[in-house]
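Below is one structure, written out as structure tokens, with a few remarks after it.
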Amino acid sequence: MGKQTMGTPCQALQFRADNKLYRIQTPQTPVARTENWAKFNVDQFPTGTNAIVAVLAYTGYDMEDAMILNKSAVERGMFHGQIYKTETIDLTKMRRKGDGIVNVFARSDVAGARKGAPAPVQNSNFVDTDGLPYIGQIMVEGNPYCSVLNTVTGNAKISKLKGGDKAVVDFVAAVGTGPKEPMQKVSIRMRYGRNPVIGDKFSSRHGQKGVLSQQWPDIDMPFSAVTGMRPDLIINPHAFPSRMTIGMLLESMAAKVGVLKGEFVNATPFQKCVSDPKSSKKNKDESLVDKYGKQLKEYGFNYHGTEVMYSGVLGTEMTCEIYIGVVYYQRLRHMVGDKYQVRSTGAVNPVTRQPVKGRKFGGGIRFGEMERDSLLAHGAAYLLHDRLHTCSDYHTADVCVRCGSLLSTTPVIQQKSSAAFAMGLGSNKESRIICRVCSSSRDIELVAMPYVFRYLASELAAMNIKLTLTIGNG
Amino acid sequence: MLFVMDATISGPHFAIPLHLAPFKQLLCFSGEQNFIRFPTVRIRELKDDYIKFELRDTDTSIANALRRIMIAEVPTLAIDLVEMESNSSVLNDEFIAHRLGLIPLKSERAMEMRLSRDCDACDGDGSCEYCSIEFNLNVKCNSDQTLDVTSHDLVSSDPSVVPVDNSFAQDISGFDAPEARGVLIVKLRRGQELKLRAIARKGIGKDHAKWSPAATVAFQFEPEIHINEALMETLTLEEKKEWVDSCPTKVFEVDPQTQQVVVVDAEAYTYDEEILKKADAMGKPGLVEIISREDSFIFTVESTGAIQASQMFINAIDILKTKLDAVRLSFDTEEADDQFGELGHHMRGGGIDLVSRVIQ
């Protein structure tokens, strides 16, 4: 199994507690396979599906290494898969040396809990009295799945599901616990459905990888008048010339023959070099295309693996004959569901007040120098200002025009005159900005700047360097 | 159980209002000419789950519309909601629910039933007679042998809606034929249990492939093959054989007695033009002329068993009519002009009497 494929990672999946496992729901064994396939028992760990692949430019959604999947094929289970994530909660780590067992897995409303604690009504739907989740329970973000009770304080620490995905509790195991002492370590395995969506990555075994761009309705797919077949997958012919993956075209033809015959096809490379010269004398110089072409013809198909196809939308014959066959396709473990990043506003770095980075924290994607250059080249100054300032660390600072410092200004709260207070003009306090250096509240201007600029000024001040702003009109 | 009907069926059921095929009409400039056609259907082969017929005197748009409707819009029933009570099998809940959904159910009732979302007699909990059918499954393995849970274990609340059972179908011989055992859902070992409640609902293939009654619907244009006998006679017997063999399907044959090339099966021709290329390569272009008839089609329909293949076709025609009615009804209003432009205007004037005549 390739390291990127979503396949069958192990046979004992039910009993394992790996951090993260990718698993495909309906794998098949490839029709075109090498001699070592059986020798190494790869069939025990299948990784993909024999897809009916048509090579044509259809609808434009297969441009630039994108590919179209047949929506009905997906709905029937093609490339469905799951991710298993395991969380291990170890209470011995929370224990201080010399202490007895203080923390146990329990819901906070069980006996022994602090009296008068509010009953965790919403938790009881998800967490059983033993503090562990119900197997098969569907959970969304924020739902509790584990409760640890401190028997001394009576407080419960509740683990909540993170991430925006729906999860199902797959399996709960007590780890390393004897029958006498209370349970101190559990593994909770969550299952996340990962059925194909637009943006997921697929690949044949020849490195022809592509991104799903659309799930196209079955009825709109091209169909063959002879068999009525619609392809499961459409890829663009432009994927071939520059990459020269002839193997994929050969696999398509060979597997098509194999499927028609009901036999596996030997796709071992360099067969001619190692084959016994006595046995296959007459077919020695025959190319594979000829070998499989002849067999295709026997089954009433075109010699070159093409078929006349009809537009599913109009029912009319397509101008070209379409190269269609069977290719073993794999689903790769790069899925948009695990990768997409989006932010409007969110967490900021406390030091710079700029948006944080990282998908986990709801951060943004860096708008770097090169992107900045691009906007400058376009003269899109307003957009540049919007990206780098307004949407980032927009800040207004009071600057003393006299001394040019933005660190010496500070608001001072003063008592208003009692006369004004007596007349009922609002609060009796009023805030003024003064410059501590100039001891004056005149000539103070409010200036917009990135917050990091103030931070820079502070850092420089710490090094005994004064940063002075010269403020004028134009 | 195979019988071939050789009678031409026509009548209100099969007369498709072809003059509604809009674009054909727009292209007709001579006002005098009558473009009404009465398509006919001739059934060649009829089995429960298979039908092969000719559709004549209509055009591609109608043929393809019927193909599309049969695949995606003829309603059937399929399990849509599953409540798991106990599942200790090796497959997870979603997997089993998905497998249950794909089991074809006998759906003769589907056309009369309501869609669950349109049903106002219930709140979608499955106890509604108009829109849902309840199934129960309760299996536990108590032996050392692996227990196969199949579609036979599903207990239906409605005796007319049951999983498709192929064990009585033709062509299956032998006691242990895999088809006779129903659709496998999951295998259980000792101590494992599967207990669930499932609700089947009406739906169409457009929403989810599980509701599609069609395994395959294909149509081909009927070919007309004319051999240029004079030119053919210039070929030697060897050449004739070579030419005939160049076609991947068996369309032509050299008659052993007369040594003439004859068409044995015109419909086997797949429009791959191999035979024409061969003729060109032999230096005899025009050896054969092949015309695809734009107005006759040969349909091959295979059903999943949810409804009979023939019924599927009849339902498809009904649905097509309903859709055309929807178009017709909306052109009574003035907005129709905006909506359909020239087409709306066209349908409102003149064509309307004929439309209603055929539809009624």
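In the structure tokens, chains take letters A, B, ... by order of appearance, with residues numbered from 1 within each chain and ligands from 1 in the order shown.
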Pick out the chain B residues within 7 Å of chain A. Count only C-alpha atoms. Give them as a CSV table (one decimal) with N, CA, C and O atoms, in the first residue's frame.
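Result saved to result.csv:
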```csv
chain,number,residue,atom,x,y,z
B,60,THR,N,-34.4,12.1,-31.5
B,60,THR,CA,-33.4,11.8,-30.4
B,60,THR,C,-33.7,12.4,-29.1
B,60,THR,O,-33.5,11.8,-28.0
B,61,SER,N,-34.3,13.6,-29.2
B,61,SER,CA,-34.6,14.3,-27.9
B,61,SER,C,-35.6,13.5,-27.1
B,61,SER,O,-35.4,13.4,-25.8
B,64,ASN,N,-33.8,10.2,-25.8
B,64,ASN,CA,-32.9,10.5,-24.7
B,64,ASN,C,-33.6,10.9,-23.5
B,64,ASN,O,-33.2,10.5,-22.4
B,68,ARG,N,-33.2,9.2,-19.9
B,68,ARG,CA,-32.8,9.9,-18.7
B,68,ARG,C,-33.9,9.7,-17.6
B,68,ARG,O,-33.6,9.6,-16.4
B,71,ILE,N,-33.7,6.3,-15.9
B,71,ILE,CA,-32.6,6.2,-15.0
B,71,ILE,C,-32.8,7.1,-13.7
B,71,ILE,O,-32.6,6.6,-12.6
B,72,ALA,N,-33.2,8.3,-13.9
B,72,ALA,CA,-33.2,9.2,-12.8
B,72,ALA,C,-34.5,9.7,-12.3
B,72,ALA,O,-34.5,10.4,-11.2
B,208,HIS,N,-30.8,10.2,-5.2
B,208,HIS,CA,-29.8,9.3,-4.8
B,208,HIS,C,-29.9,8.0,-5.7
B,208,HIS,O,-31.0,7.6,-6.0
B,209,ALA,N,-28.7,7.5,-6.1
B,209,ALA,CA,-28.7,6.4,-7.0
B,209,ALA,C,-29.5,5.2,-6.5
B,209,ALA,O,-29.9,4.3,-7.3
B,216,THR,N,-29.5,-0.7,-16.4
B,216,THR,CA,-28.9,-0.1,-17.7
B,216,THR,C,-30.1,0.3,-18.6
B,216,THR,O,-31.1,-0.4,-18.7
B,217,VAL,N,-30.0,1.5,-19.1
B,217,VAL,CA,-30.8,1.9,-20.2
B,217,VAL,C,-30.0,2.4,-21.3
B,217,VAL,O,-29.2,3.3,-21.1
B,218,ALA,N,-30.1,1.7,-22.4
B,218,ALA,CA,-29.3,2.2,-23.6
B,218,ALA,C,-30.1,2.2,-24.8
B,218,ALA,O,-31.1,1.4,-24.9
B,219,PHE,N,-29.9,3.1,-25.7
B,219,PHE,CA,-30.6,3.1,-27.0
B,219,PHE,C,-29.5,3.3,-28.0
B,219,PHE,O,-28.5,3.9,-27.8
B,220,GLN,N,-29.8,2.7,-29.2
B,220,GLN,CA,-29.0,2.9,-30.3
B,220,GLN,C,-29.8,3.3,-31.5
B,220,GLN,O,-31.0,3.0,-31.6
B,248,PRO,N,-15.4,-5.4,-35.8
B,248,PRO,CA,-15.3,-6.1,-34.5
B,248,PRO,C,-16.6,-6.9,-34.2
B,248,PRO,O,-16.5,-7.9,-33.5
B,249,THR,N,-17.7,-6.4,-34.6
B,249,THR,CA,-19.0,-7.1,-34.3
B,249,THR,C,-19.4,-7.8,-35.6
B,249,THR,O,-19.0,-7.4,-36.7
B,270,THR,N,-21.8,-0.9,-34.5
B,270,THR,CA,-21.6,0.1,-33.4
B,270,THR,C,-21.2,1.5,-33.9
B,270,THR,O,-20.9,2.3,-33.1
B,271,TYR,N,-21.3,1.8,-35.1
B,271,TYR,CA,-20.9,3.1,-35.7
B,271,TYR,C,-19.4,3.4,-35.5
B,271,TYR,O,-19.1,4.5,-35.4
B,272,ASP,N,-18.6,2.3,-35.3
B,272,ASP,CA,-17.2,2.6,-35.1
B,272,ASP,C,-16.5,2.9,-36.4
B,272,ASP,O,-15.3,3.2,-36.4
```
Atomic distance atom CA of B:Lys277 - atom CA of A:Met244, expressed in Å with one decimal: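 These two atoms are separated by 28.0 Å.
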Who sits within 12 Å of A:Asp43, only C-alpha atoms, same chain under 6 positions skipped, as a PyMOL selection string: chain A and resi 1+7-8+10-11+27-31+33-34+36-37
Atomic separation - atom CA of A:Gly364 relative to atom CA of A:Pro350, Å: 15.1 Å
Selection near stretch 325-331 of chain A, 10 Å with only C-alpha atoms, sequence-local residues under 3 positions removed, as an MDAnalysis selection string: chainID A and resid 2 4:7 23:24 27:33 46:55 78:81 196 200:206 208:210 231:233 248:259 305:307 322 334:335
Could you save the residues just selected, with C-alpha atoms, as a CSV table (one decimal), in the first residue's frame?
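Generated output (part_25.csv):
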```csv
chain,number,residue,atom,x,y,z
A,2,GLY,CA,1.3,3.4,-0.9
A,4,GLN,CA,-0.5,8.3,0.6
A,5,THR,CA,-3.3,6.0,-0.3
A,6,MET,CA,-6.5,5.6,1.7
A,7,GLY,CA,-6.7,1.8,1.8
A,23,ARG,CA,-9.7,3.4,5.7
A,24,ILE,CA,-11.6,2.8,2.5
A,27,PRO,CA,-12.0,-1.7,-1.8
A,28,GLN,CA,-11.5,-4.1,-4.7
A,29,THR,CA,-8.6,-6.2,-6.0
A,30,PRO,CA,-7.1,-4.8,-9.2
A,31,VAL,CA,-7.7,-6.7,-12.4
A,32,ALA,CA,-4.3,-5.8,-13.8
A,33,ARG,CA,-1.8,-7.0,-11.2
A,46,PRO,CA,-6.7,-3.7,-1.0
A,47,THR,CA,-6.4,0.0,-1.7
A,48,GLY,CA,-8.6,1.0,-4.5
A,49,THR,CA,-11.4,0.5,-7.0
A,50,ASN,CA,-11.4,-0.8,-10.6
A,51,ALA,CA,-13.1,2.3,-12.1
A,52,ILE,CA,-14.4,2.6,-15.6
A,53,VAL,CA,-12.3,5.5,-16.9
A,54,ALA,CA,-13.1,7.5,-20.0
A,55,VAL,CA,-10.5,9.7,-21.4
A,78,MET,CA,-17.3,4.1,-4.6
A,79,PHE,CA,-14.4,5.6,-2.7
A,80,HIS,CA,-16.3,6.0,0.5
A,81,GLY,CA,-14.0,6.0,3.5
A,196,PRO,CA,-15.7,11.9,-1.7
A,200,ASP,CA,-10.5,15.3,-2.7
A,201,LYS,CA,-7.5,13.7,-4.4
A,202,PHE,CA,-7.5,10.5,-6.4
A,203,SER,CA,-4.8,8.7,-8.3
A,204,SER,CA,-4.2,5.8,-10.6
A,205,ARG,CA,-1.2,3.6,-9.9
A,206,HIS,CA,0.8,5.4,-12.5
A,208,GLN,CA,-1.8,10.2,-12.6
A,209,LYS,CA,-3.2,12.1,-9.7
A,210,GLY,CA,-6.1,14.4,-10.0
A,231,PRO,CA,-18.0,5.9,-17.0
A,232,ASP,CA,-17.3,6.1,-13.3
A,233,LEU,CA,-14.6,8.6,-13.8
A,248,MET,CA,-2.1,3.8,-17.6
A,249,LEU,CA,-3.3,3.5,-21.1
A,250,LEU,CA,-2.1,-0.1,-21.3
A,251,GLU,CA,-3.7,-0.9,-18.0
A,252,SER,CA,-6.9,0.5,-19.2
A,253,MET,CA,-6.9,-1.8,-22.2
A,254,ALA,CA,-5.5,-4.8,-20.4
A,255,ALA,CA,-7.9,-4.6,-17.6
A,256,LYS,CA,-10.8,-4.2,-20.0
A,257,VAL,CA,-9.8,-7.5,-21.6
A,258,GLY,CA,-9.5,-9.0,-18.2
A,259,VAL,CA,-12.9,-7.9,-17.2
A,305,GLY,CA,-9.8,0.3,-26.8
A,306,THR,CA,-12.1,3.1,-28.0
A,307,GLU,CA,-15.9,3.1,-28.0
A,322,ILE,CA,-13.7,7.6,-26.6
A,334,HIS,CA,-5.3,14.5,1.1
A,335,MET,CA,-8.9,15.6,1.7
```
For B:Ile227, list every protein, DNA or RNA residue within 10 Å, evaluated using only C-alpha atoms, and leave out those in the same chain fewer than 5 positions away; present the list as a PDB file with N, CA, C and O atoms, in the first residue's frame.
```pdb
ATOM      1  N   MET B 232     -18.659  -4.451 -54.744  1.00  0.00           N
ATOM      2  CA  MET B 232     -18.311  -5.617 -53.941  1.00  0.00           C
ATOM      3  C   MET B 232     -17.855  -6.765 -54.815  1.00  0.00           C
ATOM      4  O   MET B 232     -16.983  -7.543 -54.439  1.00  0.00           O
ATOM      5  N   VAL B 261     -21.319 -11.012 -50.063  1.00  0.00           N
ATOM      6  CA  VAL B 261     -21.327 -10.439 -48.724  1.00  0.00           C
ATOM      7  C   VAL B 261     -22.762 -10.044 -48.385  1.00  0.00           C
ATOM      8  O   VAL B 261     -23.414  -9.341 -49.151  1.00  0.00           O
ATOM      9  N   VAL B 262     -23.218 -10.561 -47.270  1.00  0.00           N
ATOM     10  CA  VAL B 262     -24.583 -10.215 -46.857  1.00  0.00           C
ATOM     11  C   VAL B 262     -24.558  -9.622 -45.457  1.00  0.00           C
ATOM     12  O   VAL B 262     -23.654  -9.887 -44.671  1.00  0.00           O
ATOM     13  N   VAL B 263     -25.571  -8.835 -45.181  1.00  0.00           N
ATOM     14  CA  VAL B 263     -25.716  -8.265 -43.843  1.00  0.00           C
ATOM     15  C   VAL B 263     -26.456  -9.285 -42.993  1.00  0.00           C
ATOM     16  O   VAL B 263     -27.581  -9.660 -43.316  1.00  0.00           O
ATOM     17  N   GLY B 286     -16.739   3.747 -50.554  1.00  0.00           N
ATOM     18  CA  GLY B 286     -18.114   3.636 -51.015  1.00  0.00           C
ATOM     19  C   GLY B 286     -18.556   2.201 -51.193  1.00  0.00           C
ATOM     20  O   GLY B 286     -19.582   1.919 -51.813  1.00  0.00           O
ATOM     21  N   LEU B 287     -17.777   1.285 -50.643  1.00  0.00           N
ATOM     22  CA  LEU B 287     -18.138  -0.135 -50.731  1.00  0.00           C
ATOM     23  C   LEU B 287     -19.450  -0.396 -50.002  1.00  0.00           C
ATOM     24  O   LEU B 287     -20.259  -1.210 -50.414  1.00  0.00           O
ATOM     25  N   VAL B 288     -19.606   0.326 -48.944  1.00  0.00           N
ATOM     26  CA  VAL B 288     -20.839   0.157 -48.181  1.00  0.00           C
ATOM     27  C   VAL B 288     -21.271   1.534 -47.690  1.00  0.00           C
ATOM     28  O   VAL B 288     -20.442   2.397 -47.415  1.00  0.00           O
ATOM     29  N   GLU B 289     -22.559   1.723 -47.643  1.00  0.00           N
ATOM     30  CA  GLU B 289     -23.078   2.981 -47.129  1.00  0.00           C
ATOM     31  C   GLU B 289     -23.878   2.677 -45.876  1.00  0.00           C
ATOM     32  O   GLU B 289     -24.744   1.784 -45.896  1.00  0.00           O
ATOM     33  N   ILE B 290     -23.548   3.373 -44.815  1.00  0.00           N
ATOM     34  CA  ILE B 290     -24.272   3.125 -43.558  1.00  0.00           C
ATOM     35  C   ILE B 290     -24.902   4.425 -43.088  1.00  0.00           C
ATOM     36  O   ILE B 290     -24.222   5.433 -42.893  1.00  0.00           O
TER      37      ILE B 290
END
```
Pick from B:Ile298, B:Tyr269, B:Asp144, B:Leu66, whichever lies nearest to B:Asp318 using only C-alpha atoms: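 Residue with the minimum atom-to-atom distance to B:Asp318: B:Leu66.
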Point-to-point distance from atom CA of A:Ala66 to atom CA of A:Gly358, Å rounded to tenths: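 Taking atom CA of A:Ala66 and atom CA of A:Gly358, their separation equals 26.9 Å.
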Residues near B:Leu81, cut-off 12 Å, only C-alpha atoms, skip fewer than 6 positions along chain, as a ChimeraX atom specification: /B:93-94,96-101,116,124-126,132-136,196-202
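Per DSSP on the backbone, alpha helix (DSSP H) in stretch 349-391 of chain A comprises Glu369, Met370, Glu371, Arg372, Asp373, Ser374, Leu375, Leu376, Ala377, His378, Ala381, Tyr382, Leu383, Leu384 and His385 of chain A.
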DSSP strand (DSSP E) selection over stretch 46-209 of chain B, as a ChimeraX atom specification: /B:46-47,50-56,76-87,132-140,147-150,155-156,184-188,193-203
